[in-house]
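Reading through the structure tokens given below for one structure.
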Amino acid sequence: MSPRRSYDQYCSAARALDAVGDRWTLLIVRELLAGPRRYTDLHADLPGVSTDVLASRLKDMERDGLATRRRLPPPGAAYVYELTARGRALLPVLQALGEWGEAGLGERRPTDAVRAHWFALPLLRGLDGEGVLEVRLAEGVFHLRLGAQEGPVYGDGPAPGEPDARMLLDSATCEAVARGELSPAEAVRGGRAEVTGEGALAKALLALRER
């Protein structure tokens, strides 16, 4: 485990950066907001990070009380990493950072990696209500847990069980939402996001078309 580096400043922002200011740490938090993840899954969804750096950051996050490592019971028997309550409390920090960064996102570059679930946080920023929303994109499927006060706020892949609503978006619409050019409500209202379902969440989203 690497020694803690510090700005040695009596300032809460400096103390926060002592813990999460290193490269990759907040992106690991982004991934773990989906719930427990194996090391191999984290490495696959953080293209560009070396195995040594990822292992070092995870150890630092354990040391700083942001994440824990545990072994799954048989038949899984694999180790997973998950956020602590303190780690999950970084969600609004990531959301604020994402909102601030919208103006600089620009068009997707040929060298830019993308994963479907990276659009989860921009969608969460713009959606109200409670319930499970399954989102389908050209890049894949993920689901959001709107209004969740604890546990994962999103998950990769289809929703477990029947979701409260489903949403289908094309890549151009999702990228416009990520850049802050279009809100999810505007996408639904303008027919660029297709919503289906019978739950209260689906009805609330479909009602946006009448506004």
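Going by the structure tokens order, chains are called A, B, ..., each with residues numbered from 1, while ligands are numbered from 1 in the order shown.
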*12 Å contact set for Ala78 (chain A), only C-alpha atoms, chain neighbours under 6 positions out, as JSON, numbers by chain*: {"A": [36, 37, 38, 39, 40, 41, 69, 70, 71, 72]}
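Those residues that approach Ala16 (chain A) to within 12 Å, counting only C-alpha atoms, are A:Arg5, A:Ser6, A:Tyr7, A:Asp8, A:Gln9, A:Tyr10, A:Asp22, A:Thr25, A:Leu26, A:Asp64, A:Leu66, A:Arg86, A:Gly87, A:Leu90, A:Val93; same-chain residues fewer than 6 positions away are not listed.
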Keeping only C-alpha atoms, take the residues you just selected and write them out as a PDB file, in the first residue's frame.
```
ATOM      1  CA  ARG A   5       0.207  11.809   0.111  1.00  0.00           C
ATOM      2  CA  SER A   6      -1.171  15.011   1.514  1.00  0.00           C
ATOM      3  CA  TYR A   7      -1.368  18.671   0.651  1.00  0.00           C
ATOM      4  CA  ASP A   8      -0.851  19.300   4.389  1.00  0.00           C
ATOM      5  CA  GLN A   9      -3.367  22.120   4.347  1.00  0.00           C
ATOM      6  CA  TYR A  10      -6.016  22.694   6.991  1.00  0.00           C
ATOM      7  CA  ASP A  22      -5.387  10.972  -7.606  1.00  0.00           C
ATOM      8  CA  THR A  25     -10.011   7.346  -8.119  1.00  0.00           C
ATOM      9  CA  LEU A  26     -13.272   9.141  -8.919  1.00  0.00           C
ATOM     10  CA  ASP A  64      -9.270   5.783   3.317  1.00  0.00           C
ATOM     11  CA  LEU A  66     -14.118   4.659   0.662  1.00  0.00           C
ATOM     12  CA  ARG A  86     -18.587   7.401   2.801  1.00  0.00           C
ATOM     13  CA  GLY A  87     -17.671   6.324  -0.709  1.00  0.00           C
ATOM     14  CA  LEU A  90     -19.320  10.985  -3.402  1.00  0.00           C
ATOM     15  CA  VAL A  93     -19.596  15.231  -6.058  1.00  0.00           C
TER      16      VAL A  93
END
```
*Tell me which of A:Gln149, A:Leu97, A:Val177, A:Gly197 sits closest to Ala120 (chain A), counting only C-alpha atoms.*
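Under the stated criterion, the closest residue is A:Val177.
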*Rounded to one decimal place, report the CA of Ala138 (chain A)-CA of Ala116 (chain A) distance in Å.*
8.0 Å
*Please report, as a PyMOL selection string, each residue of region 11-105 of chain A to which DSSP assigns alpha helix (DSSP H) when run on this structure's backbone.*
chain A and resi 12-20+25-32+39-44+51-63+85-88+91-101
